Amino acid sequence: MNLAAIILGLLAVAGLVQALAARRALGRMFGRVPPSGPALPASVLKPLHGNEPGLELHLSQALAQQHAAPYEVLFAVANPADPARAVAEAAMARSPTPSRMLAGGEVLGANRKVSQQVHMARVAQYPVLVAADSDMACPPHWLTTVTAPLADPEVGLVTCLYAGLPADDGPWSELAALSINWHFLPNAALGESLGAADGAYGATLALRADTLARIGGYERLLPLLADDHALGEAVRELGLKVVVPPILPGHVMHEPSFQALWAHELRWARTTRLVHPWGHVGLVFTHPLPFALGALALAPGVWTLALLGAVLAARGALARRADVLTGRPRWRRMLWLPIRDLLSFAVWATALHKGRVTWQGRRFTLGAGGRMAEAPEPTREAVS
């Protein structure tokens with residue numbers, strides 16, 4: 001018996017079990033009733049950068065929340081000439097919701113998104129702050145759902161998992177969305193169900209202003225790439241809980257080329273490896289398909305062929321559950337499954353090597369604790 005084939009087969013079996021467990025975790029997590037509580041006055045903080053696909057719709061959704069308490073939406077652009085400014089101001093003009101645009105302002109640190117959050121937090125009126133990415137598609141009850149748990153003084157932070165939505169019909173945007181739905185979402189749901197995720201997901205981060213002050217404000221996060229993880233870690237250090245409610249806003253994915261897709265996913269993967277080194281290594285068990293294929297190549301036979309079939313069935317069942325949950329249940333999408341799984345494995349393996357990342361057109365090296373340092377030398381990575 002080929003020892004290498006046996007090892008690969010065992011890795012594939014472990015991945016098969018993981019896929020079944022993740023499928024179950026998805027059903028449990030998003031089969032719950034969202035937490036109830038009083039509506040809390042809130043300031044929504046929306047940093048902007050560029051006129052992304054669907055930006056006008058997403059900003060309008062933030063301004064049209066069905067929230068019983070008063071709330072405001074604050075927008076900020078680092079560059080007053082940023083095209084996102086005009087889009088946001090048009091949405092503001094059509095909405096009765098109180099809102100404000102902050103244009104320009106001093107760049108306070110390497111993480112320019114956090115720099116904008118610092119400026120917005122300084123003028124926010126309400127005791128709850130909800131930082132949300134500009135490319136998030138949020139249902140009307142999103143704001144109430146993510147602020148209600150903060151009525152409990154033992155809860156320090158509320159954060160959301162999210163679904164991937166392609167911004168266009170191109171293959172690269174579709175593959176990017178499937179990475180979210182078929183890999184990130186189920187893996188994070190399984191981690192949360194096991195109490196092992198320690199998650200804080202940057203698409204939505206809601207906390208009380210006094211909690212933010214206790215950890216040193218957003219200023220604490222200025223030099224960090226993984227600012228969401230650091231925020232969650234800081235809140236937990238206070239002895240407060242981090243809550244992940246059963247709601248799925250959509251993360252709109254726009255990737256115009258394979259190079260852009262690769263650079264974007266590699267940045268995410270290297271960030272994960274940076275903040276959770278052993279957790280990133282453990283993700284090897286979430287990639288059963290390449291191991292099953294490797295076992296079949298080294299030891300062709302009934303058992304390896306059956307293993308490959310079982311792996312494809314388990315991964316397909318997980319993908320189908322995620323598609324139904326995210327409102328995209330199309331059987332033809334299953335044709336993407338082998339390509340998406342092999343690409344995700346390649347990204348994971350490449351991220352084992354420490355390298356540069358690109359973000360908003362700027363290149364960074366990553367140091368201890370996730371501190372970013374701008375890299376002046378050229379890189380072949382595409383802009384993410």
# chains A, B, ... in the order shown; residues from 1 in each chain; ligands from 1
$ residues_around --residues "Ala5 of chain A" --least-positions-apart "3" --cutoff "9 Å" --atoms "only C-alpha atoms" --output "ChimeraX atom specification"
/A:1-2,8-10,291-292,294-299,304
$ residues_around --residues "Ala234 of chain A" --least-positions-apart "2" --cutoff "10 Å" --atoms "only C-alpha atoms" --output "PyMOL selection string"
chain A and resi 156+211-212+214-216+220+228-232+236-240
$ residues_around --residues "Phe258 of chain A" --least-positions-apart "6" --cutoff "10 Å" --atoms "only C-alpha atoms" --output "PyMOL selection string"
chain A and resi 171-173+175-176+264+382
$ closest_residue --among "A:Ala351, A:Met136, A:Ala200, A:Ala151" --to "Pro277 of chain A" --atoms "only C-alpha atoms"
A:Ala351
$ atom_distance --atom1 "atom CA of Leu40 of chain A" --atom2 "atom CA of Gly164 of chain A"
28.1 Å
$ residues_around --residues "Leu55 of chain A" --least-positions-apart "4" --cutoff "8 Å" --atoms "only C-alpha atoms" --output "list in words"
Asn51, Leu59, Ala84, Val87, Ser134 and Asp135 of chain A
$ write_last_selection --atoms "C-alpha atoms" --output "short mmCIF file (atom, residue, chain, number, x, y, z; two decimals), in the first residue's frame"
data_model
loop_
_atom_site.label_atom_id
_atom_site.label_comp_id
_atom_site.auth_asym_id
_atom_site.auth_seq_id
_atom_site.Cartn_x
_atom_site.Cartn_y
_atom_site.Cartn_z
CA ASN A 51 -17.14 54.23 -6.75
CA LEU A 59 -25.44 53.43 0.83
CA ALA A 84 -17.58 57.92 -3.86
CA VAL A 87 -22.50 59.03 -4.89
CA SER A 134 -19.23 50.39 1.98
CA ASP A 135 -19.68 47.25 -0.15
#
$ decode --residues "segment 94-237 of chain A" --atoms "C-alpha atoms" --output "CSV table (one decimal), in the first residue's frame"
chain,number,residue,atom,x,y,z
A,94,ARG,CA,-32.7,61.6,-1.2
A,95,SER,CA,-33.0,60.3,2.3
A,96,PRO,CA,-34.6,61.9,5.4
A,97,THR,CA,-32.2,60.0,7.7
A,98,PRO,CA,-29.7,62.4,9.4
A,99,SER,CA,-26.3,62.0,7.7
A,100,ARG,CA,-23.0,63.8,7.2
A,101,MET,CA,-20.1,63.6,4.9
A,102,LEU,CA,-16.5,64.1,6.1
A,103,ALA,CA,-14.1,64.8,3.3
A,104,GLY,CA,-10.4,64.9,3.7
A,105,GLY,CA,-8.9,65.0,7.2
A,106,GLU,CA,-5.5,64.1,8.4
A,107,VAL,CA,-4.2,60.6,7.6
A,108,LEU,CA,-3.5,59.3,11.1
A,109,GLY,CA,-1.9,55.9,10.3
A,110,ALA,CA,-1.2,53.2,7.9
A,111,ASN,CA,-4.7,51.8,7.9
A,112,ARG,CA,-6.6,54.6,6.1
A,113,LYS,CA,-10.0,53.0,6.7
A,114,VAL,CA,-9.4,53.1,10.4
A,115,SER,CA,-8.2,56.7,10.1
A,116,GLN,CA,-11.6,57.6,8.6
A,117,GLN,CA,-13.3,55.8,11.5
A,118,VAL,CA,-11.4,57.9,14.0
A,119,HIS,CA,-12.6,61.1,12.4
A,120,MET,CA,-16.2,59.8,12.2
A,121,ALA,CA,-16.2,58.6,15.8
A,122,ARG,CA,-15.1,62.0,17.0
A,123,VAL,CA,-18.3,63.7,15.6
A,124,ALA,CA,-20.8,60.8,16.2
A,125,GLN,CA,-23.8,61.8,18.2
A,126,TYR,CA,-25.1,58.5,19.6
A,127,PRO,CA,-23.8,56.0,22.2
A,128,VAL,CA,-23.6,53.0,19.9
A,129,LEU,CA,-21.1,53.0,16.9
A,130,VAL,CA,-21.6,50.6,14.0
A,131,ALA,CA,-18.7,50.5,11.6
A,132,ALA,CA,-19.7,48.9,8.3
A,133,ASP,CA,-17.9,48.5,5.0
A,134,SER,CA,-19.2,50.4,2.0
A,135,ASP,CA,-19.7,47.3,-0.1
A,136,MET,CA,-22.2,45.6,2.2
A,137,ALA,CA,-25.7,44.9,1.1
A,138,CYS,CA,-27.8,45.2,4.3
A,139,PRO,CA,-31.4,44.1,4.9
A,140,PRO,CA,-33.8,46.6,6.5
A,141,HIS,CA,-33.6,45.0,9.9
A,142,TRP,CA,-29.7,44.8,10.0
A,143,LEU,CA,-29.1,47.8,12.2
A,144,THR,CA,-31.6,46.7,14.9
A,145,THR,CA,-30.3,43.2,14.8
A,146,VAL,CA,-26.7,44.2,15.4
A,147,THR,CA,-27.3,46.8,18.0
A,148,ALA,CA,-29.9,45.0,20.2
A,149,PRO,CA,-27.4,42.7,21.9
A,150,LEU,CA,-25.5,45.8,23.2
A,151,ALA,CA,-28.4,46.5,25.6
A,152,ASP,CA,-26.7,43.7,27.7
A,153,PRO,CA,-23.8,45.3,29.6
A,154,GLU,CA,-21.9,42.0,29.3
A,155,VAL,CA,-21.8,42.3,25.5
A,156,GLY,CA,-19.0,44.4,24.2
A,157,LEU,CA,-19.1,43.8,20.5
A,158,VAL,CA,-21.5,42.6,17.8
A,159,THR,CA,-20.1,41.4,14.5
A,160,CYS,CA,-21.6,39.6,11.5
A,161,LEU,CA,-20.8,36.8,9.1
A,162,TYR,CA,-21.7,37.6,5.6
A,163,ALA,CA,-22.6,36.1,2.2
A,164,GLY,CA,-20.7,36.7,-1.0
A,165,LEU,CA,-22.6,38.4,-3.9
A,166,PRO,CA,-21.0,38.8,-7.3
A,167,ALA,CA,-21.1,42.4,-8.6
A,168,ASP,CA,-21.3,41.3,-12.2
A,169,ASP,CA,-21.7,38.2,-14.4
A,170,GLY,CA,-17.9,37.8,-14.9
A,171,PRO,CA,-16.3,34.5,-13.8
A,172,TRP,CA,-13.8,36.2,-11.4
A,173,SER,CA,-16.5,38.0,-9.4
A,174,GLU,CA,-18.5,34.7,-9.3
A,175,LEU,CA,-15.5,32.8,-8.0
A,176,ALA,CA,-14.8,35.4,-5.4
A,177,ALA,CA,-18.4,35.2,-4.1
A,178,LEU,CA,-18.2,31.4,-4.0
A,179,SER,CA,-15.0,31.6,-1.9
A,180,ILE,CA,-17.0,33.5,0.7
A,181,ASN,CA,-20.0,31.2,0.6
A,182,TRP,CA,-18.4,27.8,0.2
A,183,HIS,CA,-15.3,28.3,2.3
A,184,PHE,CA,-15.2,31.4,4.6
A,185,LEU,CA,-18.9,31.3,5.7
A,186,PRO,CA,-19.1,27.6,6.6
A,187,ASN,CA,-15.7,27.5,8.2
A,188,ALA,CA,-16.4,30.5,10.3
A,189,ALA,CA,-19.8,29.1,11.3
A,190,LEU,CA,-18.2,25.9,12.4
A,191,GLY,CA,-15.6,27.8,14.4
A,192,GLU,CA,-18.2,29.9,16.1
A,193,SER,CA,-20.3,26.8,16.9
A,194,LEU,CA,-17.2,25.2,18.6
A,195,GLY,CA,-16.3,28.4,20.4
A,196,ALA,CA,-12.9,28.3,18.7
A,197,ALA,CA,-13.3,31.2,16.1
A,198,ASP,CA,-12.7,34.3,18.3
A,199,GLY,CA,-14.2,36.1,15.4
A,200,ALA,CA,-14.6,39.8,14.7
A,201,TYR,CA,-15.6,40.3,11.1
A,202,GLY,CA,-14.8,43.7,9.7
A,203,ALA,CA,-17.9,44.0,7.5
A,204,THR,CA,-19.9,44.9,10.6
A,205,LEU,CA,-18.5,45.9,14.0
A,206,ALA,CA,-21.0,47.4,16.5
A,207,LEU,CA,-20.0,48.5,20.0
A,208,ARG,CA,-20.8,51.1,22.6
A,209,ALA,CA,-18.8,54.3,22.5
A,210,ASP,CA,-17.7,53.9,26.1
A,211,THR,CA,-16.4,50.4,25.3
A,212,LEU,CA,-14.4,51.9,22.4
A,213,ALA,CA,-13.0,54.5,24.8
A,214,ARG,CA,-11.9,51.9,27.3
A,215,ILE,CA,-9.8,50.1,24.7
A,216,GLY,CA,-8.1,53.3,23.5
A,217,GLY,CA,-10.4,54.2,20.7
A,218,TYR,CA,-10.0,53.4,17.0
A,219,GLU,CA,-6.6,55.0,17.3
A,220,ARG,CA,-5.3,51.7,18.8
A,221,LEU,CA,-6.0,50.0,15.4
A,222,LEU,CA,-4.3,52.6,13.1
A,223,PRO,CA,-1.1,50.6,12.3
A,224,LEU,CA,-2.8,47.2,11.9
A,225,LEU,CA,-4.0,45.4,8.8
A,226,ALA,CA,-6.3,43.0,10.8
A,227,ASP,CA,-8.0,45.8,12.7
A,228,ASP,CA,-11.2,43.8,13.0
A,229,HIS,CA,-9.4,41.0,14.8
A,230,ALA,CA,-7.5,43.4,17.0
A,231,LEU,CA,-10.8,45.1,18.0
A,232,GLY,CA,-12.4,41.8,19.0
A,233,GLU,CA,-9.3,40.8,20.9
A,234,ALA,CA,-9.3,44.1,22.8
A,235,VAL,CA,-13.0,43.8,23.7
A,236,ARG,CA,-12.5,40.2,25.0
A,237,GLU,CA,-9.6,41.4,27.1
